[in-house]
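Reproduced below: data33.cif, with mmCIF, C-alpha atoms, pLDDT in the B column; chains and numbers go by the auth columns.
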```cif
data_data
#
loop_
_atom_site.group_PDB
_atom_site.id
_atom_site.type_symbol
_atom_site.label_atom_id
_atom_site.label_comp_id
_atom_site.label_asym_id
_atom_site.label_seq_id
_atom_site.Cartn_x
_atom_site.Cartn_y
_atom_site.Cartn_z
_atom_site.B_iso_or_equiv
_atom_site.auth_seq_id
_atom_site.auth_asym_id
ATOM 1 C CA MET A 1 94.609 81.823 118.468 55.00 1 A
ATOM 2 C CA GLN A 2 90.969 81.559 119.361 51.00 2 A
ATOM 3 C CA ARG A 3 89.294 79.243 121.831 48.00 3 A
ATOM 4 C CA PHE A 4 85.810 77.840 121.432 51.00 4 A
ATOM 5 C CA LEU A 5 83.666 76.618 124.285 49.00 5 A
ATOM 6 C CA LYS A 6 80.118 75.608 123.544 54.00 6 A
ATOM 7 C CA ASN A 7 78.609 78.728 121.953 64.00 7 A
ATOM 8 C CA GLN A 8 81.344 81.146 123.007 71.00 8 A
ATOM 9 C CA TRP A 9 84.373 82.277 121.082 79.00 9 A
ATOM 10 C CA VAL A 10 87.252 83.767 123.058 83.00 10 A
ATOM 11 C CA VAL A 11 89.798 86.009 121.330 85.00 11 A
ATOM 12 C CA SER A 12 92.636 88.167 122.576 83.00 12 A
ATOM 13 C CA ASP A 13 92.332 90.829 119.845 84.00 13 A
ATOM 14 C CA ARG A 14 88.932 91.737 118.411 82.00 14 A
ATOM 15 C CA GLN A 15 90.511 93.775 115.607 86.00 15 A
ATOM 16 C CA ASN A 16 92.800 91.022 114.333 86.00 16 A
ATOM 17 C CA GLU A 17 92.172 90.526 110.594 88.00 17 A
ATOM 18 C CA TRP A 18 91.673 86.764 111.058 87.00 18 A
ATOM 19 C CA VAL A 19 89.164 87.315 113.873 85.00 19 A
ATOM 20 C CA LEU A 20 87.188 89.765 111.747 85.00 20 A
ATOM 21 C CA GLN A 21 87.175 87.308 108.835 85.00 21 A
ATOM 22 C CA GLU A 22 85.987 84.404 110.987 83.00 22 A
ATOM 23 C CA GLN A 23 83.270 86.519 112.581 82.00 23 A
ATOM 24 C CA LYS A 24 81.877 87.333 109.117 83.00 24 A
ATOM 25 C CA ILE A 25 81.836 83.618 108.264 81.00 25 A
ATOM 26 C CA THR A 26 80.323 82.283 111.499 79.00 26 A
ATOM 27 C CA ASN A 27 78.219 85.211 112.700 78.00 27 A
ATOM 28 C CA ILE A 28 79.269 84.254 116.234 76.00 28 A
ATOM 29 C CA SER A 29 80.124 87.113 118.560 73.00 29 A
ATOM 30 C CA HIS A 30 83.265 86.815 120.590 79.00 30 A
ATOM 31 C CA ILE A 31 84.511 87.584 124.061 82.00 31 A
ATOM 32 C CA GLN A 32 87.782 89.478 124.333 85.00 32 A
ATOM 33 C CA ARG A 33 90.066 88.043 127.009 86.00 33 A
ATOM 34 C CA GLN A 34 93.748 87.398 127.464 84.00 34 A
ATOM 35 C CA LEU A 35 94.004 83.719 126.604 78.00 35 A
ATOM 36 C CA PRO A 36 96.584 82.613 129.225 81.00 36 A
ATOM 37 C CA SER A 37 94.489 83.967 132.113 85.00 37 A
ATOM 38 C CA PHE A 38 91.311 82.555 130.579 81.00 38 A
ATOM 39 C CA ILE A 39 92.882 79.107 130.321 79.00 39 A
ATOM 40 C CA GLU A 40 94.105 79.286 133.934 85.00 40 A
ATOM 41 C CA GLU A 41 90.474 79.726 135.027 86.00 41 A
ATOM 42 C CA ASN A 42 90.009 76.086 133.947 80.00 42 A
ATOM 43 C CA HIS A 43 87.238 76.583 131.397 77.00 43 A
ATOM 44 C CA ASP A 44 86.094 73.566 129.406 77.00 44 A
ATOM 45 C CA ILE A 45 87.496 74.446 125.984 79.00 45 A
ATOM 46 C CA HIS A 46 86.528 72.088 123.165 81.00 46 A
ATOM 47 C CA LYS A 47 88.596 73.545 120.317 85.00 47 A
ATOM 48 C CA CYS A 48 91.467 75.906 119.605 87.00 48 A
ATOM 49 C CA LEU A 49 91.559 77.492 116.167 87.00 49 A
ATOM 50 C CA CYS A 50 94.798 78.962 114.864 90.00 50 A
ATOM 51 C CA MET A 51 94.491 81.170 111.796 89.00 51 A
ATOM 52 C CA GLY A 52 97.306 82.460 109.641 91.00 52 A
ATOM 53 C CA GLU A 53 99.152 82.285 106.373 94.00 53 A
ATOM 54 C CA PRO A 54 99.434 78.748 104.902 95.00 54 A
ATOM 55 C CA GLN A 55 103.199 78.442 105.463 97.00 55 A
ATOM 56 C CA LEU A 56 102.870 79.384 109.133 96.00 56 A
ATOM 57 C CA ILE A 57 99.918 77.006 109.589 95.00 57 A
ATOM 58 C CA ASN A 58 101.898 74.133 107.996 95.00 58 A
ATOM 59 C CA GLN A 59 104.843 74.763 110.332 97.00 59 A
ATOM 60 C CA LEU A 60 102.589 74.968 113.370 96.00 60 A
ATOM 61 C CA GLU A 61 100.764 71.781 112.391 96.00 61 A
ATOM 62 C CA SER A 62 104.010 69.854 112.069 96.00 62 A
ATOM 63 C CA THR A 63 105.391 71.145 115.370 97.00 63 A
ATOM 64 C CA LEU A 64 102.205 70.504 117.342 96.00 64 A
ATOM 65 C CA LYS A 65 101.683 67.007 115.919 95.00 65 A
ATOM 66 C CA ASP A 66 105.234 66.097 116.969 97.00 66 A
ATOM 67 C CA LYS A 67 104.873 67.564 120.469 96.00 67 A
ATOM 68 C CA PHE A 68 101.273 66.490 121.130 95.00 68 A
ATOM 69 C CA PRO A 69 100.573 63.198 119.317 94.00 69 A
ATOM 70 C CA ASN A 70 97.530 62.476 121.502 94.00 70 A
ATOM 71 C CA LEU A 71 95.606 65.509 120.255 94.00 71 A
ATOM 72 C CA THR A 72 93.494 65.751 117.123 92.00 72 A
ATOM 73 C CA ILE A 73 95.200 68.385 115.001 94.00 73 A
ATOM 74 C CA TYR A 74 94.184 69.131 111.419 90.00 74 A
ATOM 75 C CA LYS A 75 93.791 71.894 108.901 90.00 75 A
ATOM 76 C CA SER A 76 90.189 72.713 108.080 85.00 76 A
ATOM 77 C CA LYS A 77 91.545 74.829 105.246 84.00 77 A
ATOM 78 C CA ASP A 78 94.994 76.086 104.246 88.00 78 A
ATOM 79 C CA THR A 79 94.810 78.976 106.688 91.00 79 A
ATOM 80 C CA TYR A 80 93.057 77.278 109.651 91.00 80 A
ATOM 81 C CA LEU A 81 94.496 74.767 112.099 93.00 81 A
ATOM 82 C CA GLU A 82 92.101 73.157 114.563 92.00 82 A
ATOM 83 C CA ILE A 83 93.286 71.549 117.815 93.00 83 A
ATOM 84 C CA MET A 84 90.991 69.311 119.862 91.00 84 A
ATOM 85 C CA SER A 85 90.909 66.329 122.176 90.00 85 A
ATOM 86 C CA GLY A 86 92.431 63.204 120.718 89.00 86 A
ATOM 87 C CA ASN A 87 88.991 61.589 120.847 89.00 87 A
ATOM 88 C CA ALA A 88 87.444 64.267 118.628 88.00 88 A
ATOM 89 C CA SER A 89 87.307 63.117 115.038 89.00 89 A
ATOM 90 C CA LYS A 90 84.719 62.530 112.374 93.00 90 A
ATOM 91 C CA SER A 91 85.646 58.843 112.195 94.00 91 A
ATOM 92 C CA ASN A 92 84.967 58.518 115.928 93.00 92 A
ATOM 93 C CA ALA A 93 81.563 60.125 115.375 93.00 93 A
ATOM 94 C CA ILE A 94 80.865 57.550 112.658 95.00 94 A
ATOM 95 C CA LYS A 95 81.855 54.750 115.061 95.00 95 A
ATOM 96 C CA LYS A 96 79.245 55.995 117.534 94.00 96 A
ATOM 97 C CA LEU A 97 76.616 55.920 114.794 93.00 97 A
ATOM 98 C CA GLU A 98 77.703 52.391 113.830 95.00 98 A
ATOM 99 C CA ASN A 99 77.063 51.233 117.377 94.00 99 A
ATOM 100 C CA LEU A 100 73.761 53.080 117.569 95.00 100 A
ATOM 101 C CA TYR A 101 72.424 51.714 114.275 96.00 101 A
ATOM 102 C CA GLN A 102 74.294 48.382 114.365 96.00 102 A
ATOM 103 C CA ILE A 103 76.025 48.854 111.035 97.00 103 A
ATOM 104 C CA THR A 104 79.650 48.604 109.925 96.00 104 A
ATOM 105 C CA ASN A 105 81.911 51.178 108.347 95.00 105 A
ATOM 106 C CA GLN A 106 81.612 49.244 105.077 96.00 106 A
ATOM 107 C CA GLU A 107 77.967 50.327 104.944 96.00 107 A
ATOM 108 C CA ILE A 108 78.865 53.992 105.262 96.00 108 A
ATOM 109 C CA MET A 109 79.463 56.611 102.596 97.00 109 A
ATOM 110 C CA ALA A 110 81.316 59.685 103.833 98.00 110 A
ATOM 111 C CA ILE A 111 81.500 62.835 101.750 98.00 111 A
ATOM 112 C CA GLY A 112 83.892 65.690 102.437 97.00 112 A
ATOM 113 C CA ASP A 113 85.695 68.612 100.912 95.00 113 A
ATOM 114 C CA ASN A 114 88.641 69.465 103.129 91.00 114 A
ATOM 115 C CA PHE A 115 91.509 68.284 105.315 89.00 115 A
ATOM 116 C CA ASN A 116 89.304 67.872 108.380 89.00 116 A
ATOM 117 C CA ASP A 117 87.346 65.206 106.492 94.00 117 A
ATOM 118 C CA MET A 118 90.312 62.971 105.658 94.00 118 A
ATOM 119 C CA ASP A 119 90.061 60.576 108.621 94.00 119 A
ATOM 120 C CA MET A 120 86.355 60.093 107.905 96.00 120 A
ATOM 121 C CA LEU A 121 86.936 59.489 104.181 98.00 121 A
ATOM 122 C CA LYS A 122 89.614 56.885 104.948 97.00 122 A
ATOM 123 C CA TYR A 123 87.439 55.150 107.541 97.00 123 A
ATOM 124 C CA ALA A 124 84.169 54.899 105.618 97.00 124 A
ATOM 125 C CA GLY A 125 83.462 52.015 103.286 97.00 125 A
ATOM 126 C CA LEU A 126 83.140 54.598 100.524 98.00 126 A
ATOM 127 C CA GLY A 127 84.965 57.897 100.956 98.00 127 A
ATOM 128 C CA VAL A 128 83.939 60.570 98.460 98.00 128 A
ATOM 129 C CA ALA A 129 85.804 63.847 98.005 98.00 129 A
ATOM 130 C CA MET A 130 84.068 66.845 96.540 98.00 130 A
ATOM 131 C CA GLY A 131 85.526 68.197 93.295 98.00 131 A
ATOM 132 C CA ASN A 132 86.620 71.386 95.047 97.00 132 A
ATOM 133 C CA ALA A 133 88.585 69.491 97.718 96.00 133 A
ATOM 134 C CA PRO A 134 92.367 69.945 97.914 94.00 134 A
ATOM 135 C CA GLU A 135 94.359 67.381 95.908 96.00 135 A
ATOM 136 C CA GLU A 136 95.610 65.712 99.109 93.00 136 A
ATOM 137 C CA VAL A 137 92.002 64.992 100.092 96.00 137 A
ATOM 138 C CA LYS A 138 91.082 63.731 96.617 98.00 138 A
ATOM 139 C CA LYS A 139 94.040 61.327 96.640 98.00 139 A
ATOM 140 C CA ILE A 140 92.857 59.455 99.734 98.00 140 A
ATOM 141 C CA ALA A 141 89.210 59.274 98.624 98.00 141 A
ATOM 142 C CA ASP A 142 87.724 56.237 96.909 98.00 142 A
ATOM 143 C CA GLU A 143 85.891 58.498 94.510 98.00 143 A
ATOM 144 C CA VAL A 144 85.698 62.188 93.568 98.00 144 A
ATOM 145 C CA THR A 145 82.395 63.841 92.679 98.00 145 A
ATOM 146 C CA LEU A 146 81.598 67.243 91.227 98.00 146 A
ATOM 147 C CA SER A 147 82.340 70.432 93.181 97.00 147 A
ATOM 148 C CA ASN A 148 80.026 72.086 95.703 94.00 148 A
ATOM 149 C CA ASN A 149 79.073 74.659 93.060 96.00 149 A
ATOM 150 C CA GLU A 150 78.176 71.880 90.607 98.00 150 A
ATOM 151 C CA ASP A 151 75.852 70.026 93.028 97.00 151 A
ATOM 152 C CA GLY A 152 78.437 67.323 93.699 97.00 152 A
ATOM 153 C CA LEU A 153 76.543 66.066 96.752 97.00 153 A
ATOM 154 C CA LYS A 154 73.345 65.635 94.757 97.00 154 A
ATOM 155 C CA HIS A 155 75.281 63.952 91.946 97.00 155 A
ATOM 156 C CA ILE A 156 76.953 61.335 94.172 98.00 156 A
ATOM 157 C CA LEU A 157 73.768 60.589 96.115 97.00 157 A
ATOM 158 C CA GLN A 158 71.820 60.071 92.895 97.00 158 A
ATOM 159 C CA LYS A 159 74.575 57.823 91.548 97.00 159 A
ATOM 160 C CA TYR A 160 74.343 55.454 94.513 96.00 160 A
ATOM 161 C CA PHE A 161 70.798 55.810 95.783 93.00 161 A
ATOM 162 C CA GLU A 162 68.455 56.315 92.853 88.00 162 A
#
```
Is it possible to express this structure as structure tokens?
Amino acid sequence: MQRFLKNQWVVSDRQNEWVLQEQKITNISHIQRQLPSFIEENHDIHKCLCMGEPQLINQLESTLKDKFPNLTIYKSKDTYLEIMSGNASKSNAIKKLENLYQITNQEIMAIGDNFNDMDMLKYAGLGVAMGNAPEEVKKIADEVTLSNNEDGLKHILQKYFE
């Protein structure tokens, strides 16, 4: 499990295959610490990321959601489980924008391609899943566009805004 706080990434094993993979993706360097002692120091951690095989991630997701219903827990892909404050969600971010710009969710189009986008897609007046999204994400969307590799974002924006 990794912990993120602002621009730092705390890991217990720098050589873990999942840590090495994530470092290649994010280009963020990490700090090696033993997580229990780091947590006891009362750092302000904004996200925990658990990485592992899909079956293990599914089991962990189910267990954590049962034990901690007030947290925001979702898969950002089949092998990643993100754990955050219960107030942290993309739909809550949209609500802040609604207040700022004095609009309603019915005036909002949300576009996403993975599990972490599902609450936003359900909340928006028009939820659009990318063609490469998992089937579960596509099922809850109002519409499905082309994949990322096929310029799905451009396609859906042109459909509604040209």
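If you look at CA of Lys96 in chain A and CA of Asp78 in chain A, they are 28.8 Å away from each other.
Residues within 7 Å of Lys75 in chain A, counting all atoms listed in the file and excluding same-chain residues fewer than 5 positions away, are A:Tyr80, A:Leu81, A:Glu82, A:Phe115, A:Asn116.
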Residues within 12 Å of Trp9 in chain A, please, as number ranges by chain. Count all atoms listed in the file; anything in the same chain fewer than 5 positions from it doesn't count. A: 1-4, 14, 19, 22-23, 26-33, 35, 38, 45-49
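Between CA of Val11 in chain A and CA of Ser76 in chain A lies a distance of 18.8 Å.
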Expressed in Å, the length from CA of Asp13 in chain A to CA of Ile25 in chain A is 17.2 Å
Could you list the residues chosen by the PyMOL selection byres ((chain A and resi 91-93) around 12) in this structure as a short mmCIF file (atom, residue, chain, number, x, y, z; two decimals) with C-alpha atoms, in the coordinates of the input?
```cif
data_model
loop_
_atom_site.label_atom_id
_atom_site.label_comp_id
_atom_site.auth_asym_id
_atom_site.auth_seq_id
_atom_site.Cartn_x
_atom_site.Cartn_y
_atom_site.Cartn_z
CA THR A 72 93.49 65.75 117.12
CA SER A 85 90.91 66.33 122.18
CA GLY A 86 92.43 63.20 120.72
CA ASN A 87 88.99 61.59 120.85
CA ALA A 88 87.44 64.27 118.63
CA SER A 89 87.31 63.12 115.04
CA LYS A 90 84.72 62.53 112.37
CA ILE A 94 80.86 57.55 112.66
CA LYS A 95 81.86 54.75 115.06
CA LYS A 96 79.24 56.00 117.53
CA LEU A 97 76.62 55.92 114.79
CA GLU A 98 77.70 52.39 113.83
CA ASN A 99 77.06 51.23 117.38
CA LEU A 100 73.76 53.08 117.57
CA ASN A 105 81.91 51.18 108.35
CA ILE A 108 78.86 53.99 105.26
CA MET A 109 79.46 56.61 102.60
CA ALA A 110 81.32 59.68 103.83
CA ILE A 111 81.50 62.84 101.75
CA ASN A 116 89.30 67.87 108.38
CA ASP A 117 87.35 65.21 106.49
CA MET A 118 90.31 62.97 105.66
CA ASP A 119 90.06 60.58 108.62
CA MET A 120 86.36 60.09 107.90
CA LEU A 121 86.94 59.49 104.18
CA LYS A 122 89.61 56.88 104.95
CA TYR A 123 87.44 55.15 107.54
CA ALA A 124 84.17 54.90 105.62
CA GLY A 125 83.46 52.02 103.29
CA GLY A 127 84.96 57.90 100.96
#
```
Radius query 9 Å about (99.2, 77.1, 106.6), atoms used: all atoms listed in the file, as an MDAnalysis selection string: chainID A and resid 51:61 75 77:81
Env of range 150-154 of chain A: 9 Å cut, atoms = only C-alpha atoms, seq-sep filter 4 positions within chain, self excluded. Answer as a PyMOL selection string. chain A and resi 111+130-131+144-146+158-159
